[in-house]
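K.L.:
So I've got this file, coords-v1.cif, and it contains mmCIF, C-alpha atoms (C1' of nucleotides):
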data_run
loop_
_atom_site.group_PDB
_atom_site.id
_atom_site.type_symbol
_atom_site.label_atom_id
_atom_site.label_comp_id
_atom_site.auth_asym_id
_atom_site.auth_seq_id
_atom_site.Cartn_x
_atom_site.Cartn_y
_atom_site.Cartn_z
ATOM 1 C CA MET N 4 -6.769 -85.940 -119.474
ATOM 2 C CA LYS N 5 -3.915 -86.196 -121.932
ATOM 3 C CA ASN N 6 -0.240 -86.244 -121.067
ATOM 4 C CA ARG N 7 3.202 -86.052 -122.604
ATOM 5 C CA ILE N 8 4.770 -88.873 -120.632
ATOM 6 C CA ALA N 9 5.638 -91.102 -123.605
ATOM 7 C CA GLN N 10 7.187 -88.209 -125.467
ATOM 8 C CA LEU N 11 9.356 -87.028 -122.581
ATOM 9 C CA ARG N 12 10.188 -90.528 -121.382
ATOM 10 C CA LYS N 13 11.548 -91.474 -124.796
ATOM 11 C CA LYS N 14 13.509 -88.256 -124.983
ATOM 12 C CA GLN N 15 15.297 -89.313 -121.811
ATOM 13 C CA ARG N 16 15.691 -92.846 -123.134
ATOM 14 C CA TYR N 17 13.805 -94.564 -120.378
ATOM 15 C CA SER N 18 12.011 -97.820 -121.074
ATOM 16 C CA GLN N 19 8.582 -98.050 -119.438
ATOM 17 C CA ALA N 20 10.102 -100.416 -116.889
ATOM 18 C CA GLN N 21 12.956 -98.053 -116.076
ATOM 19 C CA PHE N 22 10.638 -95.105 -115.819
ATOM 20 C CA ALA N 23 8.244 -97.011 -113.582
ATOM 21 C CA ALA N 24 11.134 -98.029 -111.339
ATOM 22 C CA ALA N 25 12.314 -94.427 -111.082
ATOM 23 C CA ALA N 26 8.805 -93.429 -110.054
ATOM 24 C CA HIS N 27 8.461 -96.318 -107.613
ATOM 25 C CA VAL N 28 5.339 -97.634 -109.275
ATOM 26 C CA THR N 29 4.694 -100.779 -111.260
ATOM 27 C CA ARG N 30 5.171 -100.947 -114.971
ATOM 28 C CA GLN N 31 1.439 -101.561 -115.333
ATOM 29 C CA THR N 32 0.613 -98.341 -113.539
ATOM 30 C CA SER N 33 3.070 -96.347 -115.596
ATOM 31 C CA ASN N 34 1.769 -97.889 -118.801
ATOM 32 C CA ALA N 35 -1.879 -97.302 -117.896
ATOM 33 C CA ILE N 36 -1.254 -93.644 -117.122
ATOM 34 C CA GLU N 37 0.839 -93.122 -120.229
ATOM 35 C CA ASN N 38 -1.959 -94.587 -122.324
ATOM 36 C CA ASP N 39 -4.764 -92.632 -120.670
ATOM 37 C CA LYS N 40 -6.417 -95.578 -118.969
ATOM 38 C CA TYR N 41 -6.704 -93.495 -115.828
ATOM 39 C CA ASP N 42 -5.179 -90.446 -114.178
ATOM 40 C CA PRO N 43 -2.458 -90.724 -111.560
ATOM 41 C CA SER N 44 -2.950 -89.484 -108.021
ATOM 42 C CA LEU N 45 -1.808 -85.906 -107.470
ATOM 43 C CA GLY N 46 1.279 -87.058 -105.584
ATOM 44 C CA LEU N 47 2.286 -89.402 -108.364
ATOM 45 C CA ALA N 48 1.650 -86.706 -110.959
ATOM 46 C CA PHE N 49 4.137 -84.467 -109.140
ATOM 47 C CA HIS N 50 6.623 -87.283 -108.884
ATOM 48 C CA LEU N 51 6.402 -88.137 -112.576
ATOM 49 C CA ALA N 52 6.759 -84.487 -113.509
ATOM 50 C CA GLN N 53 9.825 -84.198 -111.319
ATOM 51 C CA ILE N 54 11.480 -87.194 -112.960
ATOM 52 C CA LEU N 55 10.759 -85.777 -116.401
ATOM 53 C CA ARG N 56 11.903 -82.316 -115.312
ATOM 54 C CA VAL N 57 8.728 -80.483 -116.163
ATOM 55 C CA THR N 58 5.859 -79.025 -114.141
ATOM 56 C CA VAL N 59 2.605 -80.871 -113.578
ATOM 57 C CA ASP N 60 0.903 -78.254 -115.724
ATOM 58 C CA GLU N 61 3.328 -78.970 -118.540
ATOM 59 C CA LEU N 62 3.064 -82.743 -118.256
ATOM 60 C CA PHE N 63 -0.723 -83.022 -118.139
ATOM 61 C CA LEU N 64 -3.162 -81.306 -120.419
ATOM 62 C CA TYR N 65 -6.386 -80.544 -118.614
ATOM 63 C CA GLU N 66 -9.259 -79.643 -120.896
ATOM 64 C CA GLY N 67 -12.069 -79.094 -118.447
ATOM 65 C CA GLU N 68 -13.023 -82.726 -118.968
ATOM 66 C CA ASN N 69 -15.935 -83.254 -116.688
ATOM 67 C CA MET M 2 1.033 -82.366 -99.505
ATOM 68 C CA LYS M 3 0.311 -78.809 -98.474
ATOM 69 C CA ASN M 4 -1.809 -76.339 -100.380
ATOM 70 C CA ARG M 5 -2.777 -72.695 -100.500
ATOM 71 C CA ILE M 6 -6.489 -73.202 -101.013
ATOM 72 C CA ALA M 7 -7.670 -71.459 -97.826
ATOM 73 C CA GLN M 8 -5.447 -68.488 -98.507
ATOM 74 C CA LEU M 9 -6.565 -68.007 -102.109
ATOM 75 C CA ARG M 10 -10.189 -68.869 -101.422
ATOM 76 C CA LYS M 11 -10.419 -66.157 -98.755
ATOM 77 C CA LYS M 12 -8.701 -63.689 -101.031
ATOM 78 C CA GLN M 13 -11.537 -64.218 -103.510
ATOM 79 C CA ARG M 14 -14.115 -64.067 -100.709
ATOM 80 C CA TYR M 15 -15.528 -67.515 -101.238
ATOM 81 C CA SER M 16 -17.033 -69.395 -98.307
ATOM 82 C CA GLN M 17 -16.126 -73.089 -98.259
ATOM 83 C CA ALA M 18 -19.659 -73.824 -99.462
ATOM 84 C CA GLN M 19 -19.433 -71.361 -102.357
ATOM 85 C CA PHE M 20 -16.036 -72.646 -103.336
ATOM 86 C CA ALA M 21 -17.181 -76.242 -103.190
ATOM 87 C CA ALA M 22 -20.173 -75.387 -105.367
ATOM 88 C CA ALA M 23 -17.949 -73.671 -107.917
ATOM 89 C CA ALA M 24 -15.812 -76.792 -108.024
ATOM 90 C CA HIS M 25 -18.810 -79.120 -108.231
ATOM 91 C CA VAL M 26 -17.772 -81.061 -105.167
ATOM 92 C CA THR M 27 -19.298 -81.300 -101.728
ATOM 93 C CA ARG M 28 -18.364 -78.952 -98.933
ATOM 94 C CA GLN M 29 -16.937 -81.933 -97.051
ATOM 95 C CA THR M 30 -14.592 -82.752 -99.896
ATOM 96 C CA SER M 31 -13.462 -79.166 -100.235
ATOM 97 C CA ASN M 32 -12.927 -78.880 -96.506
ATOM 98 C CA ALA M 33 -11.006 -82.145 -96.260
ATOM 99 C CA ILE M 34 -8.637 -81.145 -99.044
ATOM 100 C CA GLU M 35 -8.139 -77.660 -97.668
ATOM 101 C CA ASN M 36 -7.234 -79.159 -94.291
ATOM 102 C CA ASP M 37 -4.886 -81.805 -95.685
ATOM 103 C CA LYS M 38 -7.045 -84.798 -94.834
ATOM 104 C CA TYR M 39 -6.347 -86.189 -98.275
ATOM 105 C CA ASP M 40 -5.188 -85.075 -101.699
ATOM 106 C CA PRO M 41 -7.634 -84.356 -104.505
ATOM 107 C CA SER M 42 -7.620 -86.354 -107.713
ATOM 108 C CA LEU M 43 -5.501 -84.836 -110.463
ATOM 109 C CA GLY M 44 -8.579 -83.673 -112.343
ATOM 110 C CA LEU M 45 -9.998 -81.957 -109.293
ATOM 111 C CA ALA M 46 -6.620 -80.392 -108.546
ATOM 112 C CA PHE M 47 -6.654 -78.795 -112.002
ATOM 113 C CA HIS M 48 -10.225 -77.662 -111.531
ATOM 114 C CA LEU M 49 -9.518 -76.057 -108.164
ATOM 115 C CA ALA M 50 -6.434 -74.347 -109.542
ATOM 116 C CA GLN M 51 -8.452 -72.999 -112.439
ATOM 117 C CA ILE M 52 -11.079 -71.533 -110.129
ATOM 118 C CA LEU M 53 -8.395 -69.892 -108.007
ATOM 119 C CA ARG M 54 -6.549 -68.718 -111.112
ATOM 120 C CA VAL M 55 -3.238 -70.326 -110.350
ATOM 121 C CA THR M 56 -1.374 -73.350 -111.704
ATOM 122 C CA VAL M 57 -1.480 -76.729 -109.999
ATOM 123 C CA ASP M 58 2.188 -76.272 -109.190
ATOM 124 C CA GLU M 59 1.418 -72.991 -107.468
ATOM 125 C CA LEU M 60 -1.581 -74.309 -105.570
ATOM 126 C CA PHE M 61 -0.011 -77.468 -104.200
ATOM 127 C CA LEU M 62 3.346 -77.770 -102.523
ATOM 128 C CA TYR M 63 4.902 -81.134 -103.216
ATOM 129 C CA GLU M 64 7.798 -81.987 -100.958
ATOM 130 C CA GLY M 65 8.840 -85.360 -102.273
ATOM 131 C CA GLU M 66 6.501 -86.934 -99.761
ATOM 132 C CA ASN M 67 6.747 -90.531 -100.848
ATOM 133 C "C1'" DA S 18 14.848 -115.957 -138.689
ATOM 134 C "C1'" DC S 19 15.488 -116.232 -133.989
ATOM 135 C "C1'" DA S 20 16.040 -114.553 -129.294
ATOM 136 C "C1'" DA S 21 15.535 -110.993 -126.159
ATOM 137 C "C1'" DA S 22 13.591 -106.836 -124.666
ATOM 138 C "C1'" DA S 23 9.818 -103.784 -124.539
ATOM 139 C "C1'" DT S 24 4.991 -102.870 -124.599
ATOM 140 C "C1'" DG S 25 -0.068 -103.908 -124.080
ATOM 141 C "C1'" DT S 26 -3.695 -106.016 -121.441
ATOM 142 C "C1'" DA S 27 -6.665 -108.426 -117.780
ATOM 143 C "C1'" DA S 28 -8.714 -109.754 -113.242
ATOM 144 C "C1'" DA S 29 -8.766 -109.578 -108.248
ATOM 145 C "C1'" DA S 30 -7.632 -107.265 -104.135
ATOM 146 C "C1'" DG S 31 -6.235 -103.401 -101.231
ATOM 147 C "C1'" DA S 32 -5.785 -98.296 -100.728
ATOM 148 C "C1'" DT S 33 -7.442 -93.754 -101.412
ATOM 149 C "C1'" DG S 34 -10.919 -90.188 -103.107
ATOM 150 C "C1'" DC S 35 -15.645 -88.402 -103.088
ATOM 151 C "C1'" DT S 36 -20.639 -88.386 -101.751
ATOM 152 C "C1'" DT S 37 -24.462 -88.523 -98.628
ATOM 153 C "C1'" DT S 38 -26.501 -87.772 -94.237
ATOM 154 C "C1'" DA S 39 -26.032 -85.903 -90.004
ATOM 155 C "C1'" DC S 40 -24.406 -83.590 -86.088
ATOM 156 C "C1'" DT S 41 -21.283 -80.202 -83.412
ATOM 157 C "C1'" DA S 42 -18.576 -75.978 -82.725
ATOM 158 C "C1'" DA S 43 -16.876 -71.496 -83.956
ATOM 159 C "C1'" DA S 44 -17.379 -66.989 -86.102
ATOM 160 C "C1'" DA S 45 -20.080 -63.200 -87.888
ATOM 161 C "C1'" DA S 46 -24.064 -60.394 -87.878
ATOM 162 C "C1'" DA S 47 -28.176 -58.655 -86.036
ATOM 163 C "C1'" DT G 28 -26.853 -62.006 -76.335
ATOM 164 C "C1'" DT G 29 -29.449 -64.393 -79.711
ATOM 165 C "C1'" DT G 30 -29.592 -65.781 -84.424
ATOM 166 C "C1'" DT G 31 -27.481 -67.071 -88.656
ATOM 167 C "C1'" DT G 32 -23.717 -68.335 -91.276
ATOM 168 C "C1'" DT G 33 -19.509 -70.695 -91.741
ATOM 169 C "C1'" DA G 34 -16.377 -74.307 -90.619
ATOM 170 C "C1'" DG G 35 -15.003 -78.962 -88.636
ATOM 171 C "C1'" DT G 36 -15.853 -83.865 -88.260
ATOM 172 C "C1'" DA G 37 -17.659 -88.873 -88.694
ATOM 173 C "C1'" DA G 38 -19.371 -93.230 -90.734
ATOM 174 C "C1'" DA G 39 -21.091 -95.907 -94.631
ATOM 175 C "C1'" DG G 40 -21.005 -96.663 -99.436
ATOM 176 C "C1'" DC G 41 -19.522 -96.248 -104.182
ATOM 177 C "C1'" DA G 42 -15.831 -94.901 -107.424
ATOM 178 C "C1'" DT G 43 -11.179 -94.608 -108.792
ATOM 179 C "C1'" DC G 44 -6.110 -95.614 -108.287
ATOM 180 C "C1'" DT G 45 -2.359 -98.973 -107.623
ATOM 181 C "C1'" DT G 46 -0.434 -103.541 -106.931
ATOM 182 C "C1'" DT G 47 0.160 -108.355 -107.902
ATOM 183 C "C1'" DT G 48 0.267 -112.161 -110.958
ATOM 184 C "C1'" DA G 49 0.093 -113.650 -115.352
ATOM 185 C "C1'" DC G 50 0.030 -113.915 -120.231
ATOM 186 C "C1'" DA G 51 0.073 -112.016 -125.321
ATOM 187 C "C1'" DT G 52 1.897 -109.025 -128.801
ATOM 188 C "C1'" DT G 53 5.212 -105.949 -130.882
ATOM 189 C "C1'" DT G 54 9.780 -104.159 -131.475
ATOM 190 C "C1'" DT G 55 14.751 -104.445 -131.339
ATOM 191 C "C1'" DG G 56 19.163 -106.716 -131.766
ATOM 192 C "C1'" DT G 57 21.996 -110.363 -133.411
#
Starting from the file, lay out its structure as structure tokens.

P.N.:
Amino acid sequence: MKNRIAQLRKKQRYSQAQFAAAAHVTRQTSNAIENDKYDPSLGLAFHLAQILRVTVDELFLYEGEN
Amino acid sequence: MKNRIAQLRKKQRYSQAQFAAAAHVTRQTSNAIENDKYDPSLGLAFHLAQILRVTVDELFLYEGEN
DNA sequence: ACAAAATGTAAAAGATGCTTTACTAAAAAA
DNA sequence: TTTTTTAGTAAAGCATCTTTTACATTTTGT
């Protein structure tokens, strides 16, 4: 699943560390998600979307992968 | 996190078993999610939303829980 | 060029999601 | 009421997500 985290994070001038702190997760988690190492939990997906002021559907691009 | 799965599933006249089959998960998984035992993975959330023809944001109600 | 900040990555451990097997209870249909 | 279908629940095991600690590389600022 692809996402637009990096794009939107940069637009709001967050570093990965700042963004991770805002989301109450570690920088490693934030980085892994941003770089498609794995998908976040649903709750975290909502939280990230909220911080970036978009919907979950706008932040993540689901392509029937499975 | 609350959800509207039961409501929308019934509207489309799926049994839990039929719905689970459509989603390619077990009936137990479908039932547990529907009854708020745990949240689905993000991928499954998208899949369920797709089957019920709503967005993830419409299907799940995030209330800043955590 | 040098220092500082930001990003990428890895391994181990704990937490959560999903499956399998199996059994019970409630609701619908006959 | 009896049968059949649908829904709820539980425990064990494997898979995935997240943290912690730690280090390497790249980018930015001076």

K.L.:
Using all atoms listed in the file and a distance of at most 9 Å, pull out the residues of chain N that contact chain S, as a PyMOL selection string.

P.N.:
chain N and resi 18-20+34

K.L.:
Within 12 Å of chain N, which residues of chain G show up? Give each one with its shortest atom-to-atom distance in Å (one decimal) and the two atoms involved, counting all atoms listed in the file, rows by chain then rising residue number, as a tab-separated table.

P.N.:
residue	atom	partner	partner_atom	distance
G:DT43	C1'	N:Tyr41	CA	8.4
G:DC44	C1'	N:Ser44	CA	6.9
G:DT45	C1'	N:Thr32	CA	6.7
G:DT46	C1'	N:Thr29	CA	7.3
G:DT47	C1'	N:Thr29	CA	9.4
G:DT48	C1'	N:Gln31	CA	11.5

K.L.:
Within 10 Å of chain N, which residues belong to chain M? Use all atoms listed in the file and report them as a count of residues only.

P.N.:
23

K.L.:
If the PyMOL selection byres ((chain M and resi 5) around 8) were run on this exact file, what residues would it hold? Put them as a count of residues only.

P.N.:
9

K.L.:
CA of Ala24 (chain N) and CA of Ala50 (chain M) are how many Å apart?

P.N.:
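One can read the CA of Ala24 (chain N) to CA of Ala50 (chain M) distance as 29.5 Å.
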
K.L.:
For CA of Lys11 (chain M) and CA of Ile34 (chain M), quote the distance in Å rounded to one decimal.

P.N.:
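A separation of 15.1 Å between them.
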
K.L.:
Would you work out the distance separating C1' of DA42 (chain G) from CA of Asn36 (chain M), expressed in Å to one decimal?

P.N.:
22.2 Å

K.L.:
Using only C-alpha atoms, can you tell me which of N:Lys14, N:Gln21, N:Arg30, N:Lys40 comes closest to Arg56 (chain N)?

P.N.:
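Selected residue with least distance to Arg56 (chain N): N:Lys14.
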